[in-house]
>>> print(open('model.txt').read())   # compact mmCIF, C-alpha atoms
# COMPACT_ATOMS: atom_id res chain seq x y z
CA PRO I 1 116.39 126.82 91.50
CA LEU I 2 114.16 125.42 94.24
CA THR I 3 111.33 123.25 92.90
CA MET I 4 108.38 122.31 95.11
CA HIS I 5 105.37 120.08 94.51
CA TYR I 6 102.20 119.61 96.57
CA ASP I 7 99.52 116.96 96.26
CA PHE I 8 96.29 116.29 98.19
CA GLU I 9 93.75 113.49 97.84
CA SER I 10 90.57 112.47 99.63
CA GLY I 11 88.30 109.50 99.11
CA VAL I 12 87.19 106.15 100.48
CA ASN I 13 88.59 102.64 100.65
CA ILE I 14 86.12 99.81 100.23
CA ALA I 15 86.89 96.47 101.88
CA GLY I 16 85.30 94.00 99.50
CA LEU I 17 87.10 90.74 100.29
CA ILE I 18 86.48 90.16 103.98
CA PRO I 19 86.14 86.38 104.56
CA GLU I 20 82.64 85.08 105.11
CA TRP I 21 81.86 82.72 107.99
CA LEU I 22 78.97 80.42 108.79
CA SER I 23 75.70 82.22 109.42
CA GLY I 24 73.65 81.28 112.47
CA PRO I 25 71.21 78.99 110.60
CA GLU I 26 74.11 77.35 108.70
CA TYR I 27 75.98 76.73 111.95
CA ALA I 28 72.95 74.96 113.41
CA GLN I 29 72.43 72.87 110.27
CA TYR I 30 76.06 71.73 110.05
CA SER I 31 76.14 71.01 113.77
CA ASN I 32 73.20 68.65 113.29
CA ILE I 33 74.89 66.99 110.31
CA ALA I 34 78.13 66.48 112.25
CA ARG I 35 76.28 65.07 115.26
CA ALA I 36 74.26 62.68 113.05
CA ALA I 37 77.48 61.44 111.41
CA ALA I 38 78.86 60.70 114.87
CA GLY I 39 75.69 58.89 115.95
CA TYR I 40 74.17 61.64 118.10
CA SER I 41 70.71 63.18 117.97
CA PRO I 42 70.23 66.64 116.41
CA LEU I 43 70.78 69.57 118.73
CA TYR I 44 68.62 72.09 116.82
CA SER I 45 65.07 71.56 115.58
CA ASP I 46 63.70 72.86 112.30
CA GLU I 47 61.74 75.45 114.31
CA ASP I 48 64.99 76.61 115.95
CA ILE I 49 66.71 77.01 112.59
CA ALA I 50 63.75 78.96 111.21
CA ALA I 51 63.83 81.21 114.30
CA TYR I 52 67.58 81.83 113.89
CA ALA I 53 66.90 82.97 110.33
CA GLN I 54 64.95 85.93 111.79
CA TYR I 55 68.24 87.38 113.07
CA ASP I 56 66.92 88.70 116.38
CA PRO I 57 70.07 89.51 118.42
CA PHE I 58 68.07 89.98 121.65
CA SER I 59 65.88 86.86 121.58
CA LEU I 60 66.20 84.88 124.82
CA SER I 61 65.16 81.66 123.09
CA ASN I 62 66.70 81.76 119.59
CA PRO I 63 69.20 84.63 119.36
CA CYS I 64 71.12 85.24 116.14
CA VAL I 65 73.65 88.06 115.95
CA ASN I 66 75.36 89.30 112.78
CA TYR I 67 78.71 90.04 114.42
CA LYS I 68 80.37 90.92 111.14
CA ASP I 69 78.07 93.89 110.56
CA LEU I 70 78.43 94.94 114.20
CA LEU I 71 82.22 94.78 114.38
CA VAL I 72 83.60 95.49 110.90
CA LYS I 73 83.53 98.55 108.67
CA THR I 74 83.55 98.08 104.92
CA VAL I 75 83.71 101.72 103.76
CA LEU I 76 86.71 103.57 105.15
CA PRO I 77 87.23 107.33 104.57
CA ALA I 78 90.83 108.04 103.62
CA GLY I 79 93.06 110.96 102.70
CA ARG I 80 96.62 111.58 101.60
CA PHE I 81 98.97 114.54 101.20
CA SER I 82 102.53 114.96 100.00
CA MET I 83 105.10 117.70 99.54
CA ASP I 84 108.58 117.48 98.07
CA ALA I 85 111.31 119.99 97.34
CA SER I 86 114.55 119.74 95.40
CA ALA I 87 117.33 122.05 94.33
CA GLY I 88 121.05 122.15 93.71
CA SER I 89 123.85 122.53 91.22
CA ASP I 90 126.31 120.31 89.39
CA LYS I 91 128.30 120.06 92.63
CA VAL I 92 125.61 119.67 95.30
CA LYS I 93 121.99 118.50 95.06
CA TYR I 94 119.41 117.97 97.79
CA TYR I 95 115.90 116.58 98.07
CA PHE I 96 113.28 116.55 100.81
CA ALA I 97 109.79 115.04 100.95
CA ILE I 98 107.02 114.58 103.51
CA ASN I 99 103.97 112.34 103.05
CA GLY I 100 100.92 111.74 105.19
CA PHE I 101 98.13 109.19 105.11
CA MET I 102 94.92 108.97 107.13
CA SER I 103 92.31 106.21 107.03
CA ASP I 104 89.61 104.68 109.19
CA GLU I 105 90.34 101.19 110.50
CA LEU I 106 88.28 98.07 109.74
CA VAL I 107 87.32 97.77 113.40
CA LYS I 108 84.30 99.67 114.67
CA GLY I 109 84.05 101.29 118.08
CA PRO I 110 82.11 103.83 120.15
CA GLU I 111 84.66 106.38 118.94
CA ARG I 112 86.33 106.64 115.57
CA THR I 113 89.01 104.02 114.96
CA ALA I 114 91.65 105.27 112.54
CA PHE I 115 95.22 104.93 111.33
CA ASN I 116 97.43 107.97 110.74
CA LYS I 117 100.90 107.87 109.28
CA ILE I 118 103.47 110.47 108.33
CA ASN I 119 106.89 109.82 106.82
CA PHE I 120 109.65 112.09 105.66
CA THR I 121 112.84 111.61 103.74
CA GLY I 122 115.82 113.75 102.81
CA ASN I 123 118.90 113.25 100.68
CA VAL I 124 121.97 115.26 99.72
CA THR I 125 124.47 114.35 96.99
CA THR I 126 127.78 116.05 96.31
CA LYS I 127 130.63 115.68 93.84
CA VAL I 128 134.06 115.40 95.44
CA GLY I 129 136.55 116.19 92.73
CA ARG I 130 136.30 114.45 89.37
CA TRP I 131 136.02 110.81 90.40
CA ILE I 132 134.01 110.65 93.63
CA GLU I 133 130.32 111.24 94.40
CA ALA I 134 129.03 110.99 97.98
CA SER I 135 125.46 110.94 99.24
CA ALA I 136 123.66 110.70 102.56
CA GLY I 137 120.00 110.35 103.42
CA PHE I 138 117.53 109.92 106.23
CA THR I 139 114.03 108.44 106.35
CA GLY I 140 111.64 108.65 109.28
CA LEU I 141 108.18 107.25 110.01
CA LEU I 142 105.53 107.89 112.65
CA GLY I 143 102.35 105.81 112.63
CA ILE I 144 99.49 105.92 115.16
CA SER I 145 96.52 103.53 115.27
CA ASN I 146 93.55 104.29 117.51
CA LEU I 147 91.48 101.14 118.06
CA SER I 148 88.88 99.56 120.27
CA GLN I 149 89.83 96.45 122.22
CA ILE I 150 88.86 93.95 119.51
CA SER I 151 90.38 92.70 116.29
CA TRP I 152 88.60 92.96 112.95
CA ASN I 153 88.31 89.16 112.63
CA ASN I 154 86.72 88.55 116.04
CA TYR I 155 83.41 88.11 114.22
CA ARG I 156 84.60 84.56 113.44
CA SER I 157 85.34 83.68 117.08
CA VAL I 158 81.77 83.15 118.33
CA PRO I 159 78.89 81.41 116.52
CA GLU I 160 76.08 83.81 115.71
CA ILE I 161 73.66 81.70 117.80
CA ALA I 162 75.89 81.36 120.88
CA PHE I 163 73.99 83.85 123.08
CA PRO I 164 71.86 87.02 122.96
CA LEU I 165 73.73 90.25 122.43
CA ILE I 166 72.22 91.95 125.52
CA LEU I 167 70.33 90.20 128.31
CA LYS I 168 69.00 93.17 130.29
CA LYS I 169 69.57 96.77 131.38
CA GLU I 170 69.28 98.16 134.90
CA THR I 171 69.08 101.75 136.11
CA SER I 172 70.43 102.71 139.55
CA ASP I 173 68.90 105.22 141.97
CA LEU I 174 71.37 107.78 140.63
CA GLY I 175 70.10 107.26 137.10
CA GLU I 176 73.16 105.33 135.90
CA GLU I 177 72.31 102.63 133.39
CA THR I 178 74.16 99.29 133.40
CA THR I 179 73.99 96.92 130.47
CA PHE I 180 74.31 93.18 131.10
CA TYR I 181 75.59 91.36 128.02
CA GLY I 182 75.25 87.69 127.19
CA VAL I 183 77.99 85.01 127.34
CA THR I 184 78.07 81.26 127.90
CA LYS I 185 80.53 79.00 129.70
CA THR I 186 81.72 77.69 126.34
CA TYR I 187 81.96 81.12 124.71
CA GLY I 188 82.97 83.46 127.49
CA SER I 189 83.65 86.59 125.40
CA ASN I 190 81.07 88.98 123.99
CA TYR I 191 83.09 90.93 121.41
CA TYR I 192 80.36 93.50 120.83
CA ALA I 193 80.43 94.29 124.58
CA LYS I 194 84.23 94.45 124.49
CA MET I 195 84.07 96.85 121.54
CA MET I 196 81.55 99.14 123.25
CA GLU I 197 82.86 99.12 126.82
CA GLY I 198 86.28 97.45 126.72
CA GLY I 199 88.29 100.67 126.46
CA PHE I 200 90.76 101.64 123.77
CA GLN I 201 94.13 100.76 122.31
CA THR I 202 96.73 103.15 120.87
CA ILE I 203 99.62 101.66 118.90
CA LYS I 204 102.54 103.92 118.00
CA ASN I 205 105.24 102.94 115.52
CA ARG I 206 108.37 105.02 115.08
CA ALA I 207 111.18 104.24 112.69
CA GLY I 208 114.30 105.97 111.43
CA SER I 209 116.90 104.97 108.88
CA PHE I 210 120.18 106.64 107.93
CA ASN I 211 122.19 105.69 104.87
CA ALA I 212 125.34 106.87 103.19
CA ALA I 213 126.99 105.91 99.91
CA VAL I 214 130.24 106.64 98.11
CA ASP I 215 130.52 106.07 94.34
CA VAL I 216 134.02 106.07 92.90
CA ASP I 217 134.79 106.11 89.19
CA LEU I 218 138.00 104.07 88.89
CA SER I 219 138.44 104.72 85.19
CA PHE I 220 141.77 106.39 85.91
CA LEU I 221 143.02 102.90 86.88
CA ILE I 222 141.02 100.70 84.49
CA PRO I 223 138.56 102.23 82.02
CA GLY I 224 135.01 101.05 82.85
CA LEU I 225 135.74 100.12 86.49
CA LYS I 226 133.46 101.56 89.20
CA SER I 227 132.92 101.06 92.91
CA ARG I 228 129.90 101.68 95.14
CA SER I 229 129.99 101.44 98.95
CA PHE I 230 126.75 101.70 100.91
CA ILE I 231 125.92 101.52 104.62
CA GLN I 232 122.56 101.73 106.34
CA ALA I 233 121.57 101.87 110.01
CA SER I 234 117.93 101.77 111.09
CA GLN I 235 115.86 101.48 114.23
CA PHE I 236 112.21 100.63 114.82
CA MET I 237 110.21 101.20 118.01
CA THR I 238 106.62 100.24 118.80
CA THR I 239 104.47 100.81 121.88
CA ASP I 240 100.97 99.59 122.65
CA ILE I 241 99.09 101.70 125.20
CA GLN I 242 95.75 100.39 126.45
CA MET I 243 92.85 101.23 128.69
CA ASP I 244 91.54 97.73 129.36
CA ASN I 245 88.05 97.83 130.87
CA ASP I 246 85.66 94.99 131.57
CA TYR I 247 81.93 94.80 130.85
CA ASN I 248 79.06 93.27 132.82
CA ALA I 249 77.89 89.90 131.52
CA MET I 250 75.69 87.04 132.67
CA TYR I 251 75.53 83.45 131.58
CA TRP I 252 72.75 82.52 129.17
CA ASP I 253 71.15 79.13 128.66
CA LYS I 254 68.75 78.26 125.85
CA ASP I 255 66.34 76.50 128.22
CA LEU I 256 66.78 78.52 131.42
CA GLY I 257 67.34 81.95 129.88
CA ILE I 258 69.35 84.32 132.08
CA GLY I 259 71.56 82.49 134.56
CA GLU I 260 74.12 83.48 137.16
CA ALA I 261 76.67 86.24 136.86
CA SER I 262 79.81 85.55 134.83
CA PRO I 263 83.37 86.60 135.74
CA HIS I 264 82.80 89.76 133.66
CA ASP I 265 81.92 92.21 136.45
CA GLY I 266 82.36 95.58 134.75
CA THR I 267 85.69 96.48 136.39
CA LYS I 268 87.17 99.67 134.96
CA ALA I 269 90.87 100.36 134.65
CA SER I 270 92.16 103.20 136.82
CA ALA I 271 94.68 104.39 134.23
CA ARG I 272 96.25 103.59 130.91
CA SER I 273 98.85 100.83 130.85
CA LEU I 274 101.69 99.70 128.61
CA ALA I 275 100.57 96.45 127.02
CA SER I 276 103.71 95.81 124.98
CA SER I 277 106.71 97.50 123.44
CA GLY I 278 109.42 96.55 121.02
CA LEU I 279 112.71 97.84 119.70
CA GLY I 280 114.54 96.59 116.63
CA GLU I 281 117.87 97.60 115.13
CA ASN I 282 119.43 96.79 111.78
CA LEU I 283 122.85 97.42 110.25
CA ALA I 284 123.64 96.64 106.61
CA PHE I 285 126.70 97.09 104.40
CA TYR I 286 126.96 96.72 100.63
CA GLU I 287 129.99 96.85 98.34
CA ARG I 288 129.96 96.49 94.55
CA LEU I 289 132.76 96.51 92.00
CA SER I 290 131.56 96.67 88.41
CA TYR I 291 133.28 96.68 85.04
CA ASP I 292 131.81 97.64 81.67
CA TRP I 293 133.64 97.36 78.35
CA ALA I 294 132.51 97.63 74.72
CA ARG I 295 134.52 97.50 71.47
CA LYS I 296 133.85 96.43 67.88
CA GLY I 297 130.49 94.84 68.68
CA HIS I 298 131.74 93.05 71.80
CA THR I 299 130.28 93.97 75.19
CA ILE I 300 131.51 92.73 78.54
CA ASN I 301 129.85 93.39 81.90
CA ALA I 302 131.16 92.02 85.17
CA ALA I 303 130.48 92.71 88.82
CA VAL I 304 131.31 91.44 92.29
CA ASN I 305 128.98 92.19 95.20
CA PHE I 306 129.23 91.71 98.93
CA ILE I 307 126.19 92.21 101.19
CA THR I 308 126.02 91.72 104.93
CA ASN I 309 123.13 92.40 107.25
CA ARG I 310 122.81 92.23 111.03
CA SER I 311 119.55 92.80 112.89
CA CYS I 312 118.63 92.36 116.52
CA ASN I 313 116.11 93.11 119.21
CA PRO I 314 117.84 94.30 122.40
CA GLY I 315 115.23 92.37 124.38
CA ASN I 316 116.33 89.08 122.78
CA VAL I 317 119.57 87.19 122.94
CA ASP I 318 119.25 86.08 119.30
CA PHE I 319 120.75 88.04 116.44
CA ASP I 320 120.03 87.64 112.74
CA ARG I 321 123.12 87.74 110.53
CA PHE I 322 123.26 87.31 106.79
CA ALA I 323 126.14 87.55 104.31
CA SER I 324 126.22 87.02 100.58
CA PHE I 325 128.94 87.11 97.94
CA THR I 326 127.76 87.27 94.33
CA GLY I 327 129.57 87.59 91.05
CA ASN I 328 128.44 87.78 87.47
CA PHE I 329 130.13 87.93 84.06
CA SER I 330 128.37 88.45 80.73
CA TRP I 331 129.55 88.77 77.17
CA SER I 332 127.59 89.61 74.03
CA TYR I 333 128.46 90.20 70.41
CA GLY I 334 126.58 92.03 67.71
CA GLY I 335 123.20 91.55 69.30
CA ARG I 336 123.39 87.86 68.28
CA TYR I 337 125.39 85.91 70.83
CA ALA I 338 125.35 86.21 74.59
CA PHE I 339 126.90 84.26 77.44
CA GLU I 340 126.44 84.79 81.17
CA LEU I 341 127.95 83.21 84.25
CA ALA I 342 126.77 83.97 87.79
CA ALA I 343 127.55 82.54 91.22
CA GLN I 344 126.34 83.15 94.73
CA TYR I 345 127.86 82.13 98.05
CA THR I 346 125.43 82.90 100.85
CA GLY I 347 125.49 82.27 104.57
CA CYS I 348 122.97 82.70 107.36
CA ASP I 349 123.19 82.23 111.12
CA LYS I 350 119.93 80.28 111.19
CA PHE I 351 121.79 77.05 110.41
CA ALA I 352 124.16 74.96 112.47
CA LYS I 353 127.89 75.53 112.39
CA GLY I 354 129.54 73.81 109.46
CA ALA I 355 126.37 74.06 107.34
CA ARG I 356 125.67 77.77 107.24
CA TYR I 357 126.85 78.51 103.69
CA THR I 358 125.54 77.42 100.31
CA PHE I 359 127.09 77.87 96.86
CA CYS I 360 124.93 78.23 93.73
CA PRO I 361 126.40 78.74 90.24
CA THR I 362 124.38 79.48 87.09
CA ALA I 363 125.41 79.64 83.42
CA GLY I 364 123.50 80.49 80.26
CA PHE I 365 123.96 81.00 76.51
CA ALA I 366 121.66 82.69 73.98
CA TRP I 367 121.62 83.03 70.19
CA THR I 368 119.33 85.62 68.62
CA ALA I 369 119.03 84.02 65.19
CA SER I 370 116.74 86.70 63.76
CA ASN I 371 119.63 89.18 63.88
CA GLU I 372 121.74 87.04 61.56
CA ALA I 373 122.19 88.37 58.04
CA PHE I 374 120.53 85.39 56.40
CA LEU I 375 117.31 85.93 58.44
CA LYS I 376 117.05 89.71 58.63
CA ASP I 377 115.05 89.98 55.39
CA VAL I 378 112.49 87.30 56.29
CA GLU I 379 109.28 89.35 56.49
CA TRP I 380 107.18 86.91 58.52
CA LEU I 381 109.83 86.54 61.24
CA ASP I 382 110.01 89.26 63.89
CA LYS I 383 112.27 87.62 66.42
CA ALA I 384 113.77 84.17 66.89
CA ARG I 385 115.90 83.46 69.93
CA ILE I 386 117.30 80.24 71.30
CA TYR I 387 118.71 80.12 74.78
CA ALA I 388 119.73 77.60 77.41
CA GLN I 389 120.34 78.15 81.08
CA ALA I 390 121.31 75.81 83.91
CA GLY I 391 122.05 76.30 87.56
CA CYS I 392 121.33 75.10 91.06
CA THR I 393 119.21 76.46 93.84
CA PRO I 394 120.04 76.35 97.56
CA ASP I 395 119.31 73.09 99.33
CA LYS I 396 117.98 75.09 102.27
CA ASP I 397 115.83 78.14 102.77
CA VAL I 398 117.77 80.92 104.49
CA TRP I 399 114.58 82.84 105.27
CA GLN I 400 112.79 80.25 107.37
CA SER I 401 112.54 80.53 111.15
CA GLY I 402 115.83 80.42 113.00
CA TYR I 403 117.71 77.72 114.87
CA LEU I 404 115.56 74.85 113.62
CA TYR I 405 118.48 72.49 114.23
CA GLU I 406 117.95 73.06 117.97
CA THR I 407 114.21 72.33 117.90
CA VAL I 408 112.96 69.64 120.25
CA PHE I 409 109.50 68.19 119.71
CA SER I 410 107.38 66.92 122.59
CA ASN I 411 104.17 64.93 122.77
CA ALA I 412 100.89 66.62 123.63
CA SER I 413 97.65 65.21 124.98
CA GLY I 414 94.03 66.29 125.30
CA ALA I 415 90.59 65.71 123.86
CA VAL I 416 90.25 67.26 120.43
CA ASN I 417 87.41 65.27 118.84
CA GLY I 418 83.80 64.57 119.73
CA PRO I 419 81.29 66.49 121.88
CA SER I 420 82.80 68.04 124.98
CA THR I 421 81.74 70.34 127.78
CA ILE I 422 85.28 71.31 128.70
CA GLY I 423 85.27 74.39 126.52
CA ALA I 424 85.51 75.72 123.02
CA ALA I 425 89.14 74.65 122.64
CA SER I 426 88.22 70.98 122.96
CA SER I 427 84.86 71.05 121.19
CA TRP I 428 84.59 69.39 117.80
CA PHE I 429 82.59 72.23 116.29
CA GLY I 430 83.12 75.93 116.75
>>> encode(input="model.txt", output="structure tokens")
Amino acid sequence: PLTMHYDFESGVNIAGLIPEWLSGPEYAQYSNIARAAAGYSPLYSDEDIAAYAQYDPFSLSNPCVNYKDLLVKTVLPAGRFSMDASAGSDKVKYYFAINGFMSDELVKGPERTAFNKINFTGNVTTKVGRWIEASAGFTGLLGISNLSQISWNNYRSVPEIAFPLILKKETSDLGEETTFYGVTKTYGSNYYAKMMEGGFQTIKNRAGSFNAAVDVDLSFLIPGLKSRSFIQASQFMTTDIQMDNDYNAMYWDKDLGIGEASPHDGTKASARSLASSGLGENLAFYERLSYDWARKGHTINAAVNFITNRSCNPGNVDFDRFASFTGNFSWSYGGRYAFELAAQYTGCDKFAKGARYTFCPTAGFAWTASNEAFLKDVEWLDKARIYAQAGCTPDKDVWQSGYLYETVFSNASGAVNGPSTIGAASSWFG
């Protein structure tokens, strides 16, 4: 019979571990300490630091803006739903499920920023005669993120005392109001302005994966022998659509106040644009032969596995390839003695020719003394087990970034220490 199950949930997620950054008064204090250590006079007076502690984001003399509260949400409404169905007989069984998830994003914006995801999966399994079982399945995913044009951690990119949030507002003859935000030549981005007037970003992720498996009971050849063959093909696509607008901003100076216009001139995009896109493909194959045997207290388990994986991005010329051969043999007797031998021979294309494979054997022995007859009646002893195991690990990490043997290092130059007026990248603080 058909069995169906439904589930719905609604609630909130609370972001409680967002990293803290220097407050405005702290930034001024540590700047003075760093300058004094380098032999320079303090940049901020005690009166300045006290004024920053008032947290007035619009002050033209001592502004202090809590960007974290302006840019980041900490309470995120969320919801989830799921439905699954299954049915079948001894010969054929099938299963289907669909799940959805909705949640606000950490980033604030003039409109709601949220993440929505739906995935679905289906599987059918059938018996083919007495010895063979075949199965096939499919999994799909669609995820959509609606965001403003900032990242959640932009609150760390500008000191809280860098400039006032808003310098002035002007109203045209037609009644249209224009807001002029603050920036400086060192810190040329006002992330609050970008959040409010920078436009939007829509990221779509789509993924699909198909798999098939054949399990064969080879007991008609050798009792306890089984085979499993598995193949999987998957594809992932992502697109980033943006409406990238600019805001109006003017330079601010602590002594002069409002200065000249900055390059931010309020230009609006005429249409949405494709910021980025990506396509990934993956093909994997798995084969396993296993053998299980038990008689008169003796148990033997053995298996040989082969795994190969190939992934690529059609936009790149590089391919990731991985292959691994593993084997294991274990023997136990009477719940007292156990011996195991395992070996792995693994190769990865990330290494140079002639050094792409590594071999790692492992062996172990165990004696469960508490199961011996002379210790079974000892009341104060629950379990006593002695075991030893030895093996080797790979002398290289097959998961690190690829083609390191082709890397060429070059020297770099530029001022990175001490006070500088070149820009934030070369300043010694901030």
>>> atom_distance(input="model.txt", atom1="CA of Val72 (chain I)", atom2="CA of Arg112 (chain I)")
12.4 Å
>>> residues_around(input="model.txt", residues="Phe101 (chain I)", least_positions_apart="2", cutoff="7 Å", atoms="only C-alpha atoms", output="ChimeraX atom specification")
/I:79-81,99,103,116-118
>>> write_last_selection(input="model.txt", atoms="C-alpha atoms", output="short mmCIF file (atom, residue, chain, number, x, y, z; two decimals), in the frame of the given file")
data_model
loop_
_atom_site.label_atom_id
_atom_site.label_comp_id
_atom_site.auth_asym_id
_atom_site.auth_seq_id
_atom_site.Cartn_x
_atom_site.Cartn_y
_atom_site.Cartn_z
CA GLY I 79 93.06 110.96 102.70
CA ARG I 80 96.62 111.58 101.60
CA PHE I 81 98.97 114.54 101.20
CA ASN I 99 103.97 112.34 103.05
CA SER I 103 92.31 106.21 107.03
CA ASN I 116 97.43 107.97 110.74
CA LYS I 117 100.90 107.87 109.28
CA ILE I 118 103.47 110.47 108.33
#
>>> atom_distance(input="model.txt", atom1="CA of Met195 (chain I)", atom2="CA of Asn154 (chain I)")
10.3 Å
>>> closest_residue(input="model.txt", among="I:Tyr286, I:Tyr247, I:Asn328, I:Ser234", to="Cys312 (chain I)", atoms="all atoms listed in the file")
I:Ser234
>>> atom_distance(input="model.txt", atom1="CA of Phe163 (chain I)", atom2="CA of Val183 (chain I)")
6.0 Å
>>> closest_residue(input="model.txt", among="I:Asn146, I:Thr346, I:Thr308, I:Ser82", to="Ile98 (chain I)", atoms="all atoms listed in the file")
I:Ser82
>>> closest_residue(input="model.txt", among="I:Ala269, I:Ala51, I:Ala342, I:Leu218", to="Gly327 (chain I)", atoms="all atoms listed in the file")
I:Ala342
>>> axis_aligned_box(input="model.txt", around="region 190-201 of chain I", padding_each_side="5 Å", output="JSON")
{"center_x": 87.2, "center_y": 95.3, "center_z": 123.8, "size_x": 23.8, "size_y": 22.7, "size_z": 16.0}
>>> closest_residue(input="model.txt", among="I:Asp104, I:Glu170, I:Glu340, I:Asp217", to="Trp131 (chain I)", atoms="all atoms listed in the file")
I:Asp217
>>> closest_residue(input="model.txt", among="I:Gly257, I:Gly198, I:Pro25, I:Gly208", to="Gln242 (chain I)", atoms="all atoms listed in the file")
I:Gly198
>>> closest_atom_pairs(input="model.txt", of="region 195-308 of chain I", to="region 336-339 of chain I", cutoff="12 Å", atoms="all atoms listed in the file", output="tab-separated table")
residue	atom	partner	partner_atom	distance
I:Gly297	CA	I:Arg336	CA	10.0
I:His298	CA	I:Tyr337	CA	9.6
I:Thr299	CA	I:Ala338	CA	9.2
I:Ile300	CA	I:Phe339	CA	9.7
I:Asn301	CA	I:Phe339	CA	10.6
I:Ala302	CA	I:Phe339	CA	11.8
>>> closest_residue(input="model.txt", among="I:Lys73, I:Arg35, I:Lys226, I:Lys353", to="Gly16 (chain I)", atoms="all atoms listed in the file")
I:Lys73
>>> residues_near_point(input="model.txt", point="(99.4, 103.3, 132.0)", cutoff="8 Å", atoms="all atoms listed in the file", output="number ranges by chain")
I: 241-243, 271-274
>>> residues_around(input="model.txt", residues="region 124-127 of chain I", least_positions_apart="6", cutoff="6 Å", atoms="only C-alpha atoms", output="list in words")
Lys91, Val92, Lys93, Tyr94, Glu133, Ala134, Ser135 and Ala136 of chain I
>>> write_last_selection(input="model.txt", atoms="C-alpha atoms", output="PDB file, keeping the file's coordinate frame")
ATOM      1  CA  LYS I  91     128.300 120.060  92.630  1.00  0.00           C
ATOM      2  CA  VAL I  92     125.610 119.670  95.300  1.00  0.00           C
ATOM      3  CA  LYS I  93     121.990 118.500  95.060  1.00  0.00           C
ATOM      4  CA  TYR I  94     119.410 117.970  97.790  1.00  0.00           C
ATOM      5  CA  GLU I 133     130.320 111.240  94.400  1.00  0.00           C
ATOM      6  CA  ALA I 134     129.030 110.990  97.980  1.00  0.00           C
ATOM      7  CA  SER I 135     125.460 110.940  99.240  1.00  0.00           C
ATOM      8  CA  ALA I 136     123.660 110.700 102.560  1.00  0.00           C
TER       9      ALA I 136
END
>>> residues_around(input="model.txt", residues="Asn123 (chain I)", least_positions_apart="4", cutoff="10 Å", atoms="all atoms listed in the file", output="ChimeraX atom specification")
/I:86,93-97,135-139,210-212
>>> residues_around(input="model.txt", residues="Leu71 (chain I)", least_positions_apart="6", cutoff="9 Å", atoms="only C-alpha atoms", output="list in words")
Leu106, Val107, Lys108, Gly109, Ile150, Ser151, Trp152, Asn153, Asn154, Tyr155, Tyr191, Tyr192 and Met195 of chain I
>>> residues_around(input="model.txt", residues="Ala53 (chain I)", least_positions_apart="4", cutoff="9 Å", atoms="only C-alpha atoms", output="list in words")
Ser23, Gly24, Pro25, Asp48, Ile49 and Cys64 of chain I
>>> residues_near_point(input="model.txt", point="(100.0, 100.1, 116.9)", cutoff="9 Å", atoms="all atoms listed in the file", output="count of residues only")
15
